[in-house]
file entry.json (JSON, C-alpha atoms and all ligand atoms)
[["chain", "number", "residue", "atom", "x", "y", "z"],
["A", 1, "MET", "CA", 127.02, 107.44, 85.57],
["A", 2, "LYS", "CA", 126.12, 109.48, 88.64],
["A", 3, "LYS", "CA", 124.49, 107.55, 91.44],
["A", 4, "ILE", "CA", 120.95, 107.45, 92.81],
["A", 5, "LEU", "CA", 120.39, 107.04, 96.57],
["A", 6, "VAL", "CA", 117.12, 105.61, 97.90],
["A", 7, "THR", "CA", 116.60, 106.00, 101.67],
["A", 8, "GLY", "CA", 114.01, 103.82, 103.41],
["A", 9, "ALA", "CA", 114.77, 101.04, 100.92],
["A", 10, "ALA", "CA", 113.38, 98.33, 103.22],
["A", 11, "GLY", "CA", 110.01, 100.06, 103.49],
["A", 12, "GLN", "CA", 106.76, 99.38, 101.64],
["A", 13, "ILE", "CA", 107.49, 101.82, 98.79],
["A", 14, "GLY", "CA", 111.31, 101.83, 98.91],
["A", 15, "SER", "CA", 111.49, 98.05, 98.47],
["A", 16, "GLU", "CA", 109.63, 98.35, 95.15],
["A", 17, "LEU", "CA", 111.10, 101.66, 94.02],
["A", 18, "VAL", "CA", 114.69, 100.34, 94.13],
["A", 19, "PRO", "CA", 114.08, 97.47, 91.63],
["A", 20, "ALA", "CA", 112.11, 99.83, 89.35],
["A", 21, "LEU", "CA", 114.95, 102.38, 89.34],
["A", 22, "ARG", "CA", 117.59, 99.66, 88.86],
["A", 23, "GLU", "CA", 115.73, 98.40, 85.81],
["A", 24, "ARG", "CA", 115.89, 101.90, 84.28],
["A", 25, "HIS", "CA", 119.31, 103.08, 85.40],
["A", 26, "GLY", "CA", 121.30, 99.85, 85.94],
["A", 27, "GLY", "CA", 121.66, 97.92, 89.20],
["A", 28, "GLU", "CA", 125.07, 99.32, 90.09],
["A", 29, "ASN", "CA", 123.84, 102.93, 89.89],
["A", 30, "VAL", "CA", 121.06, 102.71, 92.47],
["A", 31, "ILE", "CA", 122.20, 102.54, 96.10],
["A", 32, "ALA", "CA", 119.65, 101.15, 98.54],
["A", 33, "ALA", "CA", 119.94, 102.67, 102.01],
["A", 34, "GLY", "CA", 118.30, 101.00, 104.98],
["A", 35, "HIS", "CA", 118.76, 101.33, 108.71],
["A", 36, "ARG", "CA", 117.07, 99.00, 111.21],
["A", 37, "THR", "CA", 115.03, 96.69, 108.98],
["A", 38, "ALA", "CA", 116.88, 94.21, 106.74],
["A", 39, "LEU", "CA", 116.58, 94.90, 103.03],
["A", 40, "PRO", "CA", 114.59, 92.35, 101.02],
["A", 41, "ALA", "CA", 116.79, 89.71, 99.33],
["A", 42, "ASP", "CA", 116.12, 90.96, 95.78],
["A", 43, "VAL", "CA", 117.11, 94.52, 96.76],
["A", 44, "GLN", "CA", 120.27, 93.25, 98.44],
["A", 45, "GLU", "CA", 121.26, 91.06, 95.51],
["A", 46, "SER", "CA", 120.52, 93.36, 92.58],
["A", 47, "GLY", "CA", 122.87, 96.25, 93.42],
["A", 48, "PRO", "CA", 124.79, 98.13, 96.11],
["A", 49, "SER", "CA", 123.36, 98.87, 99.53],
["A", 50, "ILE", "CA", 124.47, 100.79, 102.61],
["A", 51, "LYS", "CA", 123.37, 101.19, 106.20],
["A", 52, "LEU", "CA", 122.32, 104.80, 106.74],
["A", 53, "ASP", "CA", 120.76, 106.47, 109.76],
["A", 54, "VAL", "CA", 119.07, 109.55, 108.30],
["A", 55, "THR", "CA", 118.82, 111.10, 111.77],
["A", 56, "SER", "CA", 122.61, 111.47, 111.82],
["A", 57, "ALA", "CA", 123.60, 114.62, 109.90],
["A", 58, "ALA", "CA", 127.23, 113.47, 109.77],
["A", 59, "GLU", "CA", 126.39, 110.03, 108.33],
["A", 60, "VAL", "CA", 124.10, 111.52, 105.68],
["A", 61, "MET", "CA", 126.65, 114.20, 104.70],
["A", 62, "LYS", "CA", 129.42, 111.58, 104.39],
["A", 63, "ALA", "CA", 127.36, 109.09, 102.37],
["A", 64, "VAL", "CA", 126.01, 111.68, 99.90],
["A", 65, "GLY", "CA", 129.50, 113.16, 99.39],
["A", 66, "GLU", "CA", 131.52, 109.95, 99.16],
["A", 67, "LEU", "CA", 129.09, 108.08, 96.92],
["A", 68, "GLY", "CA", 128.83, 110.86, 94.31],
["A", 69, "ILE", "CA", 125.06, 111.06, 94.53],
["A", 70, "GLU", "CA", 123.16, 112.88, 91.76],
["A", 71, "THR", "CA", 119.56, 112.06, 92.79],
["A", 72, "ILE", "CA", 118.01, 111.19, 96.16],
["A", 73, "TYR", "CA", 114.67, 109.48, 96.66],
["A", 74, "HIS", "CA", 114.09, 110.16, 100.36],
["A", 75, "MET", "CA", 111.61, 107.45, 101.33],
["A", 76, "SER", "CA", 112.48, 107.04, 105.06],
["A", 77, "SER", "CA", 109.50, 107.95, 107.17],
["A", 78, "ILE", "CA", 107.74, 106.88, 110.35],
["A", 79, "LEU", "CA", 104.09, 106.47, 109.33],
["A", 80, "SER", "CA", 101.00, 107.94, 110.97],
["A", 81, "ALA", "CA", 99.99, 105.39, 113.62],
["A", 82, "LEU", "CA", 103.53, 104.60, 114.78],
["A", 83, "ALA", "CA", 104.40, 108.32, 114.88],
["A", 84, "GLU", "CA", 101.58, 108.94, 117.38],
["A", 85, "SER", "CA", 103.02, 106.38, 119.79],
["A", 86, "ASN", "CA", 106.72, 107.12, 119.09],
["A", 87, "ARG", "CA", 106.95, 110.91, 118.91],
["A", 88, "GLN", "CA", 110.70, 111.13, 119.47],
["A", 89, "ILE", "CA", 111.64, 108.68, 116.72],
["A", 90, "ALA", "CA", 109.06, 110.18, 114.37],
["A", 91, "TYR", "CA", 110.42, 113.68, 114.93],
["A", 92, "ALA", "CA", 114.02, 112.55, 114.50],
["A", 93, "VAL", "CA", 113.37, 110.61, 111.28],
["A", 94, "ASN", "CA", 110.66, 112.71, 109.62],
["A", 95, "ILE", "CA", 111.84, 116.21, 110.57],
["A", 96, "ASN", "CA", 115.58, 115.98, 111.27],
["A", 97, "GLY", "CA", 116.08, 113.25, 108.65],
["A", 98, "THR", "CA", 114.47, 115.37, 105.91],
["A", 99, "TYR", "CA", 116.53, 118.42, 106.90],
["A", 100, "ASN", "CA", 119.74, 116.33, 106.92],
["A", 101, "ILE", "CA", 119.01, 115.03, 103.41],
["A", 102, "LEU", "CA", 118.35, 118.52, 102.02],
["A", 103, "GLU", "CA", 121.43, 120.02, 103.66],
["A", 104, "ALA", "CA", 123.65, 117.21, 102.34],
["A", 105, "ALA", "CA", 122.08, 117.65, 98.88],
["A", 106, "VAL", "CA", 122.94, 121.37, 98.83],
["A", 107, "SER", "CA", 126.47, 120.82, 100.18],
["A", 108, "HIS", "CA", 127.30, 118.15, 97.59],
["A", 109, "ASN", "CA", 125.54, 119.67, 94.55],
["A", 110, "VAL", "CA", 122.96, 116.89, 94.23],
["A", 111, "GLY", "CA", 120.83, 117.45, 91.11],
["A", 112, "GLN", "CA", 117.42, 116.38, 92.41],
["A", 113, "VAL", "CA", 115.70, 115.29, 95.63],
["A", 114, "ILE", "CA", 112.31, 113.54, 95.69],
["A", 115, "ILE", "CA", 110.48, 113.70, 99.03],
["A", 116, "PRO", "CA", 107.04, 112.08, 99.16],
["A", 117, "SER", "CA", 104.35, 113.80, 101.18],
["A", 118, "SER", "CA", 101.01, 112.23, 102.07],
["A", 119, "ILE", "CA", 97.27, 112.79, 102.40],
["A", 120, "ALA", "CA", 98.26, 113.12, 106.07],
["A", 121, "ALA", "CA", 99.41, 116.67, 105.23],
["A", 122, "PHE", "CA", 95.70, 117.58, 105.44],
["A", 123, "GLY", "CA", 93.64, 117.82, 108.61],
["A", 124, "PRO", "CA", 90.16, 118.11, 110.07],
["A", 125, "ASP", "CA", 89.64, 121.67, 108.71],
["A", 126, "THR", "CA", 90.47, 120.62, 105.13],
["A", 127, "PRO", "CA", 87.56, 120.20, 102.68],
["A", 128, "GLN", "CA", 87.27, 116.40, 102.49],
["A", 129, "GLU", "CA", 85.79, 115.77, 99.07],
["A", 130, "ASN", "CA", 87.93, 116.33, 96.01],
["A", 131, "THR", "CA", 90.44, 118.12, 98.26],
["A", 132, "PRO", "CA", 92.12, 120.92, 96.26],
["A", 133, "ASN", "CA", 95.89, 121.06, 95.84],
["A", 134, "GLU", "CA", 95.92, 124.44, 97.62],
["A", 135, "THR", "CA", 93.69, 124.50, 100.66],
["A", 136, "ILE", "CA", 93.68, 124.63, 104.47],
["A", 137, "GLN", "CA", 96.08, 121.94, 105.73],
["A", 138, "ARG", "CA", 96.45, 122.15, 109.55],
["A", 139, "PRO", "CA", 97.06, 118.40, 110.22],
["A", 140, "ASN", "CA", 96.58, 117.19, 113.79],
["A", 141, "THR", "CA", 98.99, 114.23, 113.72],
["A", 142, "LEU", "CA", 102.76, 114.33, 114.19],
["A", 143, "TYR", "CA", 103.22, 112.47, 110.90],
["A", 144, "GLY", "CA", 101.01, 115.01, 109.10],
["A", 145, "ILE", "CA", 102.87, 117.94, 110.64],
["A", 146, "SER", "CA", 106.16, 116.40, 109.52],
["A", 147, "LYS", "CA", 104.79, 116.00, 105.98],
["A", 148, "VAL", "CA", 103.72, 119.68, 105.81],
["A", 149, "PHE", "CA", 107.20, 120.56, 107.09],
["A", 150, "GLY", "CA", 108.76, 118.45, 104.32],
["A", 151, "GLU", "CA", 106.61, 120.16, 101.67],
["A", 152, "HIS", "CA", 107.46, 123.67, 102.88],
["A", 153, "LEU", "CA", 111.12, 122.88, 103.41],
["A", 154, "GLY", "CA", 111.33, 121.30, 99.96],
["A", 155, "ASN", "CA", 109.73, 124.36, 98.34],
["A", 156, "TYR", "CA", 112.06, 126.62, 100.35],
["A", 157, "TYR", "CA", 115.21, 124.78, 99.20],
["A", 158, "HIS", "CA", 113.92, 124.98, 95.65],
["A", 159, "GLU", "CA", 113.09, 128.70, 95.73],
["A", 160, "LYS", "CA", 115.93, 129.98, 97.88],
["A", 161, "LEU", "CA", 118.76, 127.55, 97.15],
["A", 162, "GLY", "CA", 117.98, 126.38, 93.61],
["A", 163, "LEU", "CA", 117.77, 122.69, 94.55],
["A", 164, "ASP", "CA", 115.36, 120.68, 92.37],
["A", 165, "VAL", "CA", 113.09, 119.26, 95.11],
["A", 166, "ARG", "CA", 109.88, 117.49, 94.06],
["A", 167, "GLY", "CA", 107.21, 115.72, 96.07],
["A", 168, "LEU", "CA", 103.72, 114.30, 95.89],
["A", 169, "ARG", "CA", 100.97, 113.71, 98.44],
["A", 170, "LEU", "CA", 100.55, 109.96, 98.27],
["A", 171, "PRO", "CA", 97.28, 108.30, 99.32],
["A", 172, "GLY", "CA", 97.19, 104.94, 101.18],
["A", 173, "ILE", "CA", 99.35, 102.53, 99.18],
["A", 174, "ILE", "CA", 98.23, 98.95, 98.56],
["A", 175, "SER", "CA", 100.88, 96.36, 97.71],
["A", 176, "TRP", "CA", 101.77, 92.70, 98.18],
["A", 177, "LYS", "CA", 105.59, 92.71, 98.43],
["A", 178, "THR", "CA", 106.31, 94.42, 101.79],
["A", 179, "GLU", "CA", 103.43, 94.54, 104.25],
["A", 180, "PRO", "CA", 102.99, 97.96, 105.91],
["A", 181, "THR", "CA", 102.04, 97.92, 109.59],
["A", 182, "ALA", "CA", 102.71, 101.44, 110.92],
["A", 183, "GLY", "CA", 100.08, 103.42, 109.05],
["A", 184, "THR", "CA", 96.35, 104.14, 109.15],
["A", 185, "THR", "CA", 95.52, 102.96, 105.63],
["A", 186, "ASP", "CA", 97.18, 99.54, 106.14],
["A", 187, "TYR", "CA", 93.82, 97.80, 106.66],
["A", 188, "ALA", "CA", 93.43, 97.90, 102.86],
["A", 189, "VAL", "CA", 96.51, 95.65, 102.59],
["A", 190, "ALA", "CA", 95.82, 93.47, 105.66],
["A", 191, "ILE", "CA", 92.34, 92.59, 104.32],
["A", 192, "PHE", "CA", 93.98, 90.65, 101.45],
["A", 193, "TYR", "CA", 96.25, 88.70, 103.84],
["A", 194, "GLY", "CA", 93.16, 87.88, 105.98],
["A", 195, "ALA", "CA", 91.16, 86.82, 102.92],
["A", 196, "ILE", "CA", 93.84, 84.44, 101.64],
["A", 197, "ARG", "CA", 94.87, 82.99, 105.02],
["A", 198, "GLU", "CA", 91.51, 82.57, 106.76],
["A", 199, "LYS", "CA", 88.74, 84.06, 104.61],
["A", 200, "LYS", "CA", 88.09, 86.72, 107.23],
["A", 201, "TYR", "CA", 89.39, 90.05, 108.48],
["A", 202, "THR", "CA", 88.61, 92.32, 111.42],
["A", 203, "CYS", "CA", 88.86, 95.94, 110.30],
["A", 204, "TYR", "CA", 90.03, 98.66, 112.69],
["A", 205, "LEU", "CA", 88.28, 101.47, 110.73],
["A", 206, "GLY", "CA", 84.51, 101.86, 110.49],
["A", 207, "PRO", "CA", 82.68, 100.58, 107.36],
["A", 208, "HIS", "CA", 82.03, 104.03, 105.85],
["A", 209, "THR", "CA", 85.47, 105.59, 106.31],
["A", 210, "ARG", "CA", 86.32, 106.74, 102.80],
["A", 211, "LEU", "CA", 90.01, 107.36, 102.01],
["A", 212, "PRO", "CA", 92.08, 107.98, 98.87],
["A", 213, "MET", "CA", 94.13, 104.89, 97.93],
["A", 214, "MET", "CA", 96.55, 103.81, 95.19],
["A", 215, "TYR", "CA", 97.97, 100.50, 93.96],
["A", 216, "MET", "CA", 101.77, 100.18, 94.10],
["A", 217, "PRO", "CA", 102.44, 100.11, 90.33],
["A", 218, "ASP", "CA", 100.67, 103.48, 90.07],
["A", 219, "CYS", "CA", 102.61, 104.76, 93.09],
["A", 220, "ILE", "CA", 105.98, 103.84, 91.54],
["A", 221, "LYS", "CA", 104.89, 105.35, 88.23],
["A", 222, "SER", "CA", 103.83, 108.60, 89.92],
["A", 223, "ILE", "CA", 107.16, 108.97, 91.72],
["A", 224, "ILE", "CA", 109.28, 108.23, 88.64],
["A", 225, "ASP", "CA", 107.09, 110.32, 86.29],
["A", 226, "LEU", "CA", 107.36, 113.32, 88.61],
["A", 227, "ALA", "CA", 111.13, 112.89, 88.92],
["A", 228, "GLN", "CA", 111.49, 112.78, 85.14],
["A", 229, "ALA", "CA", 109.06, 115.57, 84.29],
["A", 230, "ASP", "CA", 110.44, 118.60, 82.46],
["A", 231, "GLY", "CA", 111.11, 121.08, 85.28],
["A", 232, "SER", "CA", 110.21, 124.06, 83.11],
["A", 233, "GLY", "CA", 106.56, 122.91, 83.08],
["A", 234, "LEU", "CA", 106.24, 122.72, 86.85],
["A", 235, "LYS", "CA", 104.47, 125.42, 88.86],
["A", 236, "HIS", "CA", 104.33, 123.25, 91.99],
["A", 237, "HIS", "CA", 107.31, 121.39, 93.38],
["A", 238, "ALA", "CA", 107.12, 119.46, 96.66],
["A", 239, "ASP", "CA", 103.34, 119.36, 97.09],
["A", 240, "PHE", "CA", 101.36, 117.67, 94.29],
["A", 241, "ASN", "CA", 98.07, 115.89, 95.08],
["A", 242, "VAL", "CA", 97.96, 112.53, 93.27],
["A", 243, "GLY", "CA", 94.66, 110.64, 93.20],
["A", 244, "ALA", "CA", 93.84, 107.13, 92.00],
["A", 245, "VAL", "CA", 90.88, 105.44, 93.74],
["A", 246, "SER", "CA", 88.81, 106.18, 96.84],
["A", 247, "PHE", "CA", 86.89, 103.55, 98.76],
["A", 248, "THR", "CA", 85.52, 102.59, 102.17],
["A", 249, "PRO", "CA", 86.24, 99.38, 104.14],
["A", 250, "SER", "CA", 82.82, 98.05, 103.23],
["A", 251, "GLU", "CA", 83.45, 98.67, 99.50],
["A", 252, "ILE", "CA", 86.82, 96.91, 99.47],
["A", 253, "ALA", "CA", 85.31, 94.06, 101.52],
["A", 254, "GLU", "CA", 82.68, 93.67, 98.79],
["A", 255, "ALA", "CA", 85.41, 93.58, 96.11],
["A", 256, "VAL", "CA", 87.32, 90.92, 98.07],
["A", 257, "ALA", "CA", 84.18, 88.86, 98.80],
["A", 258, "ALA", "CA", 83.39, 88.83, 95.06],
["A", 259, "ARG", "CA", 86.77, 87.13, 94.51],
["A", 260, "VAL", "CA", 87.26, 85.00, 97.64],
["A", 261, "GLU", "CA", 84.31, 82.73, 98.27],
["A", 262, "GLY", "CA", 83.10, 82.81, 101.88],
["A", 263, "PHE", "CA", 85.13, 85.94, 102.82],
["A", 264, "GLU", "CA", 83.69, 87.87, 105.74],
["A", 265, "MET", "CA", 84.75, 91.10, 107.43],
["A", 266, "ASP", "CA", 83.78, 92.40, 110.85],
["A", 267, "TYR", "CA", 84.80, 95.56, 112.68],
["A", 268, "LYS", "CA", 86.64, 96.41, 115.90],
["A", 269, "ILE", "CA", 87.32, 100.13, 115.76],
["A", 270, "ASP", "CA", 90.70, 101.42, 116.90],
["A", 271, "PRO", "CA", 89.82, 104.96, 118.15],
["A", 272, "MET", "CA", 93.32, 106.33, 117.44],
["A", 273, "ARG", "CA", 93.46, 105.22, 113.81],
["A", 274, "GLN", "CA", 89.79, 106.06, 113.26],
["A", 275, "ALA", "CA", 90.41, 109.65, 114.44],
["A", 276, "ILE", "CA", 93.40, 109.93, 112.10],
["A", 277, "ALA", "CA", 91.41, 108.58, 109.14],
["A", 278, "ASP", "CA", 88.50, 110.93, 109.92],
["A", 279, "SER", "CA", 90.86, 113.91, 109.68],
["A", 280, "TRP", "CA", 92.05, 112.97, 106.17],
["A", 281, "PRO", "CA", 90.43, 113.65, 102.77],
["A", 282, "ASP", "CA", 87.92, 111.29, 101.15],
["A", 283, "SER", "CA", 89.26, 112.02, 97.66],
["A", 284, "LEU", "CA", 91.80, 114.33, 96.01],
["A", 285, "ASP", "CA", 91.71, 116.86, 93.20],
["A", 286, "ASP", "CA", 94.92, 116.12, 91.32],
["A", 287, "THR", "CA", 94.41, 118.52, 88.39],
["A", 288, "ALA", "CA", 97.80, 120.17, 89.02],
["A", 289, "ALA", "CA", 99.65, 116.83, 88.69],
["A", 290, "ARG", "CA", 97.64, 115.92, 85.57],
["A", 291, "GLU", "CA", 98.28, 119.29, 83.92],
["A", 292, "GLU", "CA", 101.88, 119.91, 84.95],
["A", 293, "TRP", "CA", 103.40, 116.45, 84.41],
["A", 294, "GLY", "CA", 100.70, 114.27, 82.86],
["A", 295, "TRP", "CA", 99.71, 112.16, 85.88],
["A", 296, "THR", "CA", 97.18, 109.38, 85.15],
["A", 297, "PRO", "CA", 96.62, 106.28, 87.29],
["A", 298, "SER", "CA", 95.93, 102.89, 85.72],
["A", 299, "TYR", "CA", 94.34, 100.78, 88.47],
["A", 300, "ASP", "CA", 90.81, 100.92, 89.90],
["A", 301, "LEU", "CA", 89.42, 98.89, 92.81],
["A", 302, "ASP", "CA", 88.59, 95.86, 90.63],
["A", 303, "SER", "CA", 91.85, 95.63, 88.67],
["A", 304, "MET", "CA", 93.83, 96.26, 91.87],
["A", 305, "SER", "CA", 91.94, 93.52, 93.78],
["A", 306, "ASP", "CA", 92.54, 91.00, 90.96],
["A", 307, "ASP", "CA", 96.26, 91.73, 90.81],
["A", 308, "MET", "CA", 96.71, 91.86, 94.61],
["A", 309, "LEU", "CA", 95.07, 88.49, 95.13],
["A", 310, "LYS", "CA", 97.00, 86.87, 92.29],
["A", 311, "ASN", "CA", 100.42, 88.07, 93.52],
["A", 312, "LEU", "CA", 99.81, 87.73, 97.25],
["A", 313, "LYS", "CA", 98.62, 84.11, 96.81],
["A", 314, "ILE", "CA", 101.92, 83.33, 95.05],
["A", 315, "LYS", "CA", 103.94, 85.11, 97.73],
["A", 316, "LEU", "CA", 102.17, 83.39, 100.63],
["A", 317, "SER", "CA", 102.32, 79.95, 99.01],
["A", 318, "ASP", "CA", 106.09, 80.45, 98.62],
["A", 319, "GLY", "CA", 106.26, 80.95, 102.40],
["A", 320, "GLY", "CA", 106.57, 84.77, 102.16],
["B", 1, "LIG", "C1", 99.66, 106.06, 106.62],
["B", 1, "LIG", "O1", 98.57, 105.48, 106.71],
["B", 1, "LIG", "O2", 100.24, 106.58, 107.57],
["B", 1, "LIG", "C2", 100.30, 106.18, 105.25],
["B", 1, "LIG", "C3", 99.94, 107.47, 104.58],
["B", 1, "LIG", "C4", 98.57, 107.70, 104.10],
["B", 1, "LIG", "O3", 100.77, 108.30, 104.42],
["B", 1, "LIG", "N1", 99.91, 105.07, 104.44]]
call {"tool": "encode", "arguments": {"input": "entry.json", "output": "C-alpha cells", "more": "lines below"}}
Ligand code: AKB
result
Amino acid sequence: MKKILVTGAAGQIGSELVPALRERHGGENVIAAGHRTALPADVQESGPSIKLDVTSAAEVMKAVGELGIETIYHMSSILSALAESNRQIAYAVNINGTYNILEAAVSHNVGQVIIPSSIAAFGPDTPQENTPNETIQRPNTLYGISKVFGEHLGNYYHEKLGLDVRGLRLPGIISWKTEPTAGTTDYAVAIFYGAIREKKYTCYLGPHTRLPMMYMPDCIKSIIDLAQADGSGLKHHADFNVGAVSFTPSEIAEAVAARVEGFEMDYKIDPMRQAIADSWPDSLDDTAAREEWGWTPSYDLDSMSDDMLKNLKIKLSDGG
C-alpha cells in the first residue's frame, strides 16, 4: 500500500490524527513526521516516524520521493500567538514549508495533500456572525496571512497543476491529549487543566469574546471526511468553513463550574491575544462543507465538557 505522511505529528492535531489514520490504514502505512518536539510515545510505538524539517525544500523533496508517499496531511504550523512573536520561524514554517510540501507533491506524483486553514484566515473587516465561506478575509496576523496563502496556493496547485489539494478552516480545537500553548484559542483547553488541578483559572481573553470552537473528535472526523470525500462533488478545495460550537469564556466557565464544584475563573487580559481574538469570527457558516461533503459535528459545549473532564482527569492522574 502507498504511504501516508503526516507532518507536525507532535502537535495538538497531528498527535491525534496519526493514531486515527493508523487505525484505518494500518500502522506501517502512516509515517509520522516531527521536527523539534518529541513525538508522543503512542505515535512513536504504533508505526514509522521520521525527523523532517519542512522549511528545508531538499529534505521534504527527498522524504516524499524516497518514502513513496501517496497522501500528505500537512499539519506543521506555527500558531497565531507564537507567530506574532517569532515572525521568521512562522514565515519559514507556514509559508515556505507549505510551498515545499506542494512542490514535492507535484514532483513525486502524490495523489492528495490536505492543508488545514483556520478561522485566522479572516480579519477585522470580515462579517463576524455566521461568517460566509466566501467573504472579505484580510487577516491582520502573520499566522492568518500564512493561512490565506495556504488556501490560495492550494487552490492554485489544484487548478493549474491538477494536484488534489483540500483544506478546511478549523476553529479553536479543544483536546486533552496534547496541550496547545502557541495559539489564541488555547484558553478553552487551559481552563480544564486549571479546573482539575486547582479549581481556578485566570483567562487571558475577556468574558464576552465569542469564538468558533470544536472538540478534537469532530476535528479528526472533519479532516478525514474531507480527505475521503468524492472529489467530483467538490466545488471548493482548500478553503472550507467548518463550524461546530461557538462560546465565550464566561459561557465555558459556567459549563466547567457546573461540573467542578467550587471552580472559579477570573480575568487578566493579554492585549495581544485579545486583539487577535477580536479580529476573528464569532461563528461560521459552513453550508458549503455540509452540502459538498456532508459535514456534521457531533459535540456541543456540554458533551465536550463532560468528555474533556473525564479524559483529562485520567491523563493527569496518570502523571501526564
Ligand atoms: C490559534 O489559536 O492560533 C489556533 C487557530 C484558531 O488556528 N487554535
call {"tool": "residues_near_ligand", "arguments": {"input": "entry.json", "ligand": "ligand LIG 1 (chain B)", "cutoff": "7 Å", "atoms": "all atoms listed in the file", "output": "ChimeraX atom specification"}}
result
/A:79-81,118-120,170-173,182-186
call {"tool": "atom_distance", "arguments": {"input": "entry.json", "atom1": "atom CA of A:Trp295", "atom2": "atom CA of A:Ser222"}}
result
6.8 Å
call {"tool": "residues_around", "arguments": {"input": "entry.json", "residues": "A:Asn130", "least_positions_apart": "3", "cutoff": "10 Å", "atoms": "all atoms listed in the file", "output": "list in words"}}
result
Pro127, Asn133, Pro212, Gly243, Pro281, Asp282, Ser283, Leu284, Asp285 and Asp286 of chain A
call {"tool": "write_last_selection", "arguments": {"input": "entry.json", "atoms": "C-alpha atoms", "output": "CSV table (one decimal), in the frame of the given file"}}
result
chain,number,residue,atom,x,y,z
A,127,PRO,CA,87.6,120.2,102.7
A,133,ASN,CA,95.9,121.1,95.8
A,212,PRO,CA,92.1,108.0,98.9
A,243,GLY,CA,94.7,110.6,93.2
A,281,PRO,CA,90.4,113.6,102.8
A,282,ASP,CA,87.9,111.3,101.2
A,283,SER,CA,89.3,112.0,97.7
A,284,LEU,CA,91.8,114.3,96.0
A,285,ASP,CA,91.7,116.9,93.2
A,286,ASP,CA,94.9,116.1,91.3
call {"tool": "axis_aligned_box", "arguments": {"input": "entry.json", "around": "stretch 208-227 of chain A", "padding_each_side": "4 Å", "output": "lines of an AutoDock Vina configuration file"}}
result
center_x = 96.6
center_y = 106.7
center_z = 96.3
size_x = 37.1
size_y = 21.2
size_z = 28.0
call {"tool": "closest_residue", "arguments": {"input": "entry.json", "among": "A:Val43, A:Glu264, A:Val245, A:Gly319", "to": "A:Ala20", "atoms": "all atoms listed in the file"}}
result
A:Val43
call {"tool": "atom_distance", "arguments": {"input": "entry.json", "atom1": "atom CA of A:Ile114", "atom2": "atom CA of A:Ser85"}}
result
26.8 Å
call {"tool": "closest_residue", "arguments": {"input": "entry.json", "among": "A:Val113, A:Leu301, A:Ile196, A:Met216", "to": "A:Gly162", "atoms": "all atoms listed in the file"}}
result
A:Val113
call {"tool": "decode", "arguments": {"input": "entry.json", "residues": "stretch 89-102 of chain A", "atoms": "N, CA and C atoms", "output": "CSV table (one decimal), in the first residue's frame"}}
result
chain,number,residue,atom,x,y,z
A,89,ILE,N,10.4,32.4,12.1
A,89,ILE,CA,10.1,31.0,12.2
A,89,ILE,C,8.7,30.7,11.6
A,90,ALA,N,7.8,31.6,11.9
A,90,ALA,CA,6.4,31.4,11.4
A,90,ALA,C,6.4,31.5,9.9
A,91,TYR,N,7.2,32.5,9.3
A,91,TYR,CA,7.2,32.6,7.9
A,91,TYR,C,7.8,31.4,7.2
A,92,ALA,N,8.9,30.9,7.8
A,92,ALA,CA,9.7,29.8,7.3
A,92,ALA,C,8.8,28.5,7.3
A,93,VAL,N,8.1,28.3,8.4
A,93,VAL,CA,7.3,27.0,8.5
A,93,VAL,C,6.0,27.2,7.7
A,94,ASN,N,5.3,28.3,8.0
A,94,ASN,CA,3.9,28.3,7.4
A,94,ASN,C,3.9,28.7,5.9
A,95,ILE,N,4.8,29.5,5.5
A,95,ILE,CA,4.8,29.9,4.1
A,95,ILE,C,5.8,29.0,3.3
A,96,ASN,N,7.1,29.0,3.6
A,96,ASN,CA,8.0,28.1,2.9
A,96,ASN,C,7.7,26.7,3.0
A,97,GLY,N,7.3,26.2,4.2
A,97,GLY,CA,7.0,24.8,4.5
A,97,GLY,C,5.9,24.3,3.6
A,98,THR,N,4.8,25.2,3.5
A,98,THR,CA,3.6,24.8,2.7
A,98,THR,C,4.0,24.7,1.2
A,99,TYR,N,4.8,25.7,0.8
A,99,TYR,CA,5.3,25.6,-0.6
A,99,TYR,C,6.1,24.4,-0.9
A,100,ASN,N,7.1,24.1,0.1
A,100,ASN,CA,7.9,22.9,-0.1
A,100,ASN,C,7.1,21.6,-0.2
A,101,ILE,N,6.1,21.5,0.6
A,101,ILE,CA,5.2,20.3,0.6
A,101,ILE,C,4.5,20.2,-0.8
A,102,LEU,N,4.0,21.3,-1.3
A,102,LEU,CA,3.2,21.3,-2.5
A,102,LEU,C,4.2,21.0,-3.7
